[in-house]
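Raw protein_27.pdb, PDB, C-alpha atoms, pLDDT in the B column:
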MODEL        1
ATOM      1  CA  MET A   1     -38.858  36.433  48.066  1.00 44.00           C
ATOM      2  CA  LEU A   2     -39.860  36.968  44.475  1.00 47.00           C
ATOM      3  CA  GLU A   3     -39.257  40.703  44.274  1.00 50.00           C
ATOM      4  CA  GLY A   4     -39.309  42.223  40.815  1.00 50.00           C
ATOM      5  CA  LYS A   5     -41.339  39.399  39.293  1.00 83.00           C
ATOM      6  CA  ALA A   6     -44.818  40.752  40.013  1.00 87.00           C
ATOM      7  CA  MET A   7     -46.718  42.466  37.222  1.00 93.00           C
ATOM      8  CA  VAL A   8     -49.238  45.110  38.277  1.00 93.00           C
ATOM      9  CA  GLU A   9     -52.210  45.105  35.924  1.00 93.00           C
ATOM     10  CA  ASP A  10     -54.190  47.899  37.611  1.00 94.00           C
ATOM     11  CA  SER A  11     -53.982  49.885  40.841  1.00 95.00           C
ATOM     12  CA  ASP A  12     -54.910  53.140  42.511  1.00 96.00           C
ATOM     13  CA  MET A  13     -52.854  52.377  45.659  1.00 96.00           C
ATOM     14  CA  PRO A  14     -49.909  54.519  46.684  1.00 96.00           C
ATOM     15  CA  VAL A  15     -46.641  52.942  45.486  1.00 95.00           C
ATOM     16  CA  LYS A  16     -45.500  52.087  49.020  1.00 96.00           C
ATOM     17  CA  MET A  17     -48.729  50.171  49.653  1.00 96.00           C
ATOM     18  CA  GLN A  18     -48.382  48.413  46.276  1.00 96.00           C
ATOM     19  CA  MET A  19     -44.916  47.250  47.304  1.00 95.00           C
ATOM     20  CA  GLN A  20     -46.342  45.938  50.583  1.00 96.00           C
ATOM     21  CA  ALA A  21     -49.065  44.048  48.688  1.00 96.00           C
ATOM     22  CA  MET A  22     -46.529  42.333  46.463  1.00 96.00           C
ATOM     23  CA  ALA A  23     -44.212  41.575  49.403  1.00 95.00           C
ATOM     24  CA  SER A  24     -47.117  40.059  51.357  1.00 96.00           C
ATOM     25  CA  ALA A  25     -48.080  37.939  48.350  1.00 96.00           C
ATOM     26  CA  SER A  26     -44.503  36.756  47.905  1.00 95.00           C
ATOM     27  CA  GLN A  27     -44.263  35.877  51.596  1.00 96.00           C
ATOM     28  CA  ALA A  28     -47.562  33.965  51.419  1.00 96.00           C
ATOM     29  CA  LEU A  29     -46.276  31.969  48.447  1.00 95.00           C
ATOM     30  CA  ASP A  30     -43.233  31.023  50.513  1.00 95.00           C
ATOM     31  CA  LEU A  31     -45.460  29.884  53.400  1.00 96.00           C
ATOM     32  CA  PHE A  32     -48.246  28.050  51.560  1.00 97.00           C
ATOM     33  CA  ASP A  33     -48.639  25.686  48.636  1.00 94.00           C
ATOM     34  CA  VAL A  34     -49.454  27.517  45.393  1.00 92.00           C
ATOM     35  CA  PHE A  35     -52.736  25.562  45.183  1.00 94.00           C
ATOM     36  CA  ASP A  36     -53.860  26.725  48.655  1.00 96.00           C
ATOM     37  CA  CYS A  37     -55.302  30.018  47.422  1.00 95.00           C
ATOM     38  CA  LYS A  38     -57.606  30.393  50.433  1.00 96.00           C
ATOM     39  CA  SER A  39     -54.682  30.340  52.902  1.00 97.00           C
ATOM     40  CA  ILE A  40     -52.649  32.687  50.689  1.00 97.00           C
ATOM     41  CA  ALA A  41     -55.538  35.166  50.532  1.00 97.00           C
ATOM     42  CA  GLY A  42     -56.152  34.867  54.288  1.00 97.00           C
ATOM     43  CA  HIS A  43     -52.503  35.616  55.040  1.00 97.00           C
ATOM     44  CA  ILE A  44     -52.523  38.748  52.854  1.00 98.00           C
ATOM     45  CA  LYS A  45     -55.851  39.972  54.278  1.00 97.00           C
ATOM     46  CA  LYS A  46     -54.595  39.537  57.838  1.00 97.00           C
ATOM     47  CA  GLU A  47     -51.397  41.461  57.054  1.00 97.00           C
ATOM     48  CA  PHE A  48     -53.349  44.339  55.493  1.00 97.00           C
ATOM     49  CA  ASP A  49     -55.931  44.420  58.301  1.00 96.00           C
ATOM     50  CA  GLU A  50     -53.113  44.671  60.866  1.00 97.00           C
ATOM     51  CA  ARG A  51     -51.109  47.255  58.941  1.00 96.00           C
ATOM     52  CA  TYR A  52     -53.853  49.453  57.470  1.00 95.00           C
ATOM     53  CA  GLY A  53     -56.971  48.792  59.580  1.00 94.00           C
ATOM     54  CA  SER A  54     -59.787  46.284  59.132  1.00 93.00           C
ATOM     55  CA  GLY A  55     -62.031  45.853  56.116  1.00 92.00           C
ATOM     56  CA  TRP A  56     -59.582  44.500  53.522  1.00 96.00           C
ATOM     57  CA  GLN A  57     -60.570  41.861  51.004  1.00 95.00           C
ATOM     58  CA  CYS A  58     -58.258  39.567  49.064  1.00 96.00           C
ATOM     59  CA  VAL A  59     -58.959  37.229  46.153  1.00 96.00           C
ATOM     60  CA  VAL A  60     -56.257  34.866  44.870  1.00 97.00           C
ATOM     61  CA  GLY A  61     -56.445  32.462  41.957  1.00 95.00           C
ATOM     62  CA  SER A  62     -55.731  31.882  38.317  1.00 93.00           C
ATOM     63  CA  ASN A  63     -59.247  32.308  36.928  1.00 88.00           C
ATOM     64  CA  PHE A  64     -61.935  34.395  38.606  1.00 86.00           C
ATOM     65  CA  GLY A  65     -64.349  37.194  37.870  1.00 83.00           C
ATOM     66  CA  CYS A  66     -65.475  39.897  40.240  1.00 82.00           C
ATOM     67  CA  PHE A  67     -67.415  43.103  40.556  1.00 81.00           C
ATOM     68  CA  PHE A  68     -66.967  45.358  43.589  1.00 83.00           C
ATOM     69  CA  THR A  69     -66.781  48.884  44.952  1.00 85.00           C
ATOM     70  CA  HIS A  70     -63.607  49.905  46.757  1.00 88.00           C
ATOM     71  CA  SER A  71     -62.397  52.842  48.793  1.00 88.00           C
ATOM     72  CA  LYS A  72     -60.256  55.262  46.795  1.00 91.00           C
ATOM     73  CA  GLY A  73     -56.549  54.477  46.974  1.00 92.00           C
ATOM     74  CA  THR A  74     -56.969  50.892  48.197  1.00 94.00           C
ATOM     75  CA  PHE A  75     -57.108  48.743  45.057  1.00 96.00           C
ATOM     76  CA  ILE A  76     -54.468  46.593  43.372  1.00 97.00           C
ATOM     77  CA  TYR A  77     -54.666  43.765  40.851  1.00 96.00           C
ATOM     78  CA  PHE A  78     -51.419  42.024  39.991  1.00 97.00           C
ATOM     79  CA  GLN A  79     -49.888  38.734  38.905  1.00 95.00           C
ATOM     80  CA  LEU A  80     -47.106  36.880  40.692  1.00 93.00           C
ATOM     81  CA  GLU A  81     -45.942  33.570  39.271  1.00 89.00           C
ATOM     82  CA  THR A  82     -49.063  31.796  37.972  1.00 90.00           C
ATOM     83  CA  LEU A  83     -51.521  33.481  40.354  1.00 95.00           C
ATOM     84  CA  LYS A  84     -53.502  36.707  40.150  1.00 96.00           C
ATOM     85  CA  PHE A  85     -54.035  38.797  43.284  1.00 97.00           C
ATOM     86  CA  LEU A  86     -56.853  41.246  43.913  1.00 96.00           C
ATOM     87  CA  ILE A  87     -56.616  43.286  47.113  1.00 97.00           C
ATOM     88  CA  PHE A  88     -58.959  46.114  48.062  1.00 95.00           C
ATOM     89  CA  LYS A  89     -60.710  47.763  50.963  1.00 94.00           C
ATOM     90  CA  GLY A  90     -64.464  47.763  50.583  1.00 86.00           C
ATOM     91  CA  ALA A  91     -66.245  51.089  50.262  1.00 77.00           C
ATOM     92  CA  SER A  92     -68.992  51.941  52.695  1.00 69.00           C
ATOM     93  CA  THR A  93     -72.225  53.120  51.167  1.00 62.00           C
ATOM     94  CA  PRO A  94     -73.736  56.406  52.371  1.00 54.00           C
TER
ENDMDL
END

Give the structure from the file, written as C-alpha cells.
Amino acid sequence: MLEGKAMVEDSDMPVKMQMQAMASASQALDLFDVFDCKSIAGHIKKEFDERYGSGWQCVVGSNFGCFFTHSKGTFIYFQLETLKFLIFKGASTP
C-alpha cells in the first residue's frame, strides 16, 4: 500500500470516502501494471459501485481533460505516484 503518498488536488467527498478512494487506487496499482490505466480504473469503479451503489465513474491517466456534472459529495481528483485519478458519481438531470 502507498498510504500517505497521495495528493488530493480537489474534492467534495467526505474524508472517509476520500480515504477509500486512495486505498482503492493504491490496491489497484498493486494489482495492475501502471500502464494499464483501463484495468486500474475498472477496479476502482467496481469497488465504488459495490460499496456506495452504482453509477460511479473513474478516469485514470497522466494526461487527460474532462468536463462533467457530478452528484454533490461524490467527487475527488488526486495524484498517486505518476498517475492522476478522477472519481465521481454522475448527476442525474431533472

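Computed from the coordinates, the CA of Leu86 in chain A to CA of Gln27 in chain A distance equals 15.7 Å.
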
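Polymer residues near (-57.9, 38.4, 52.3): counting all atoms listed in the file with a cut-off of 9 Å, they are Lys38, Ser39, Ile40, Ala41, Gly42, His43, Ile44, Lys45, Lys46, Glu47, Phe48, Asp49, Trp56, Gln57, Cys58, Val59, Val60, Leu86, Ile87 and Phe88 of chain A.
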
If you take every atom of range 40-55 of chain A that the file lists and fit an axis-aligned box around them with 3 Å extra on each side, what centre and edge lengths come out in Å to one decimal, as lines of an AutoDock Vina configuration file?
center_x = -56.6
center_y = 41.1
center_z = 55.7
size_x = 16.9
size_y = 22.8
size_z = 16.3

Among listed residues A:Thr82, A:Lys89, A:Gly53, A:Thr74, nearest Gln18 in chain A (using all atoms listed in the file):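 Of all the options, A:Thr74 lies closest to Gln18 in chain A.
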
Selection under test: the PyMOL selection byres ((chain A and resi 69) around 6); residues as an MDAnalysis selection string: chainID A and resid 68 70 91

Go ahead and write the selection's residues with C-alpha atoms as a short mmCIF file (atom, residue, chain, number, x, y, z; two decimals), in the coordinates of the input.
data_model
loop_
_atom_site.label_atom_id
_atom_site.label_comp_id
_atom_site.auth_asym_id
_atom_site.auth_seq_id
_atom_site.Cartn_x
_atom_site.Cartn_y
_atom_site.Cartn_z
CA PHE A 68 -66.97 45.36 43.59
CA HIS A 70 -63.61 49.90 46.76
CA ALA A 91 -66.24 51.09 50.26
#

A:Gly73, A:Ser26, A:Phe35, A:Gly55 ranked by distance to Pro14 in chain A, top pick (using all atoms listed in the file):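 Of A:Gly73, A:Ser26, A:Phe35, A:Gly55, the one nearest Pro14 in chain A is A:Gly73, counting all atoms listed in the file.
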
The PyMOL selection byres ((chain A and resi 78) around 9) resolved against shown file, as a ChimeraX atom specification: /A:6-11,22,76-77,79-80,83-87

Å distance separating CA of Cys37 in chain A from CA of Gly61 in chain A, one decimal place: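 Here the two named atoms are 6.1 Å from each other.
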
Option closest in space to Ser62 in chain A, from A:Ala28, A:Val34, A:Gly90, A:Val15 [counting all atoms listed in the file]: A:Val34
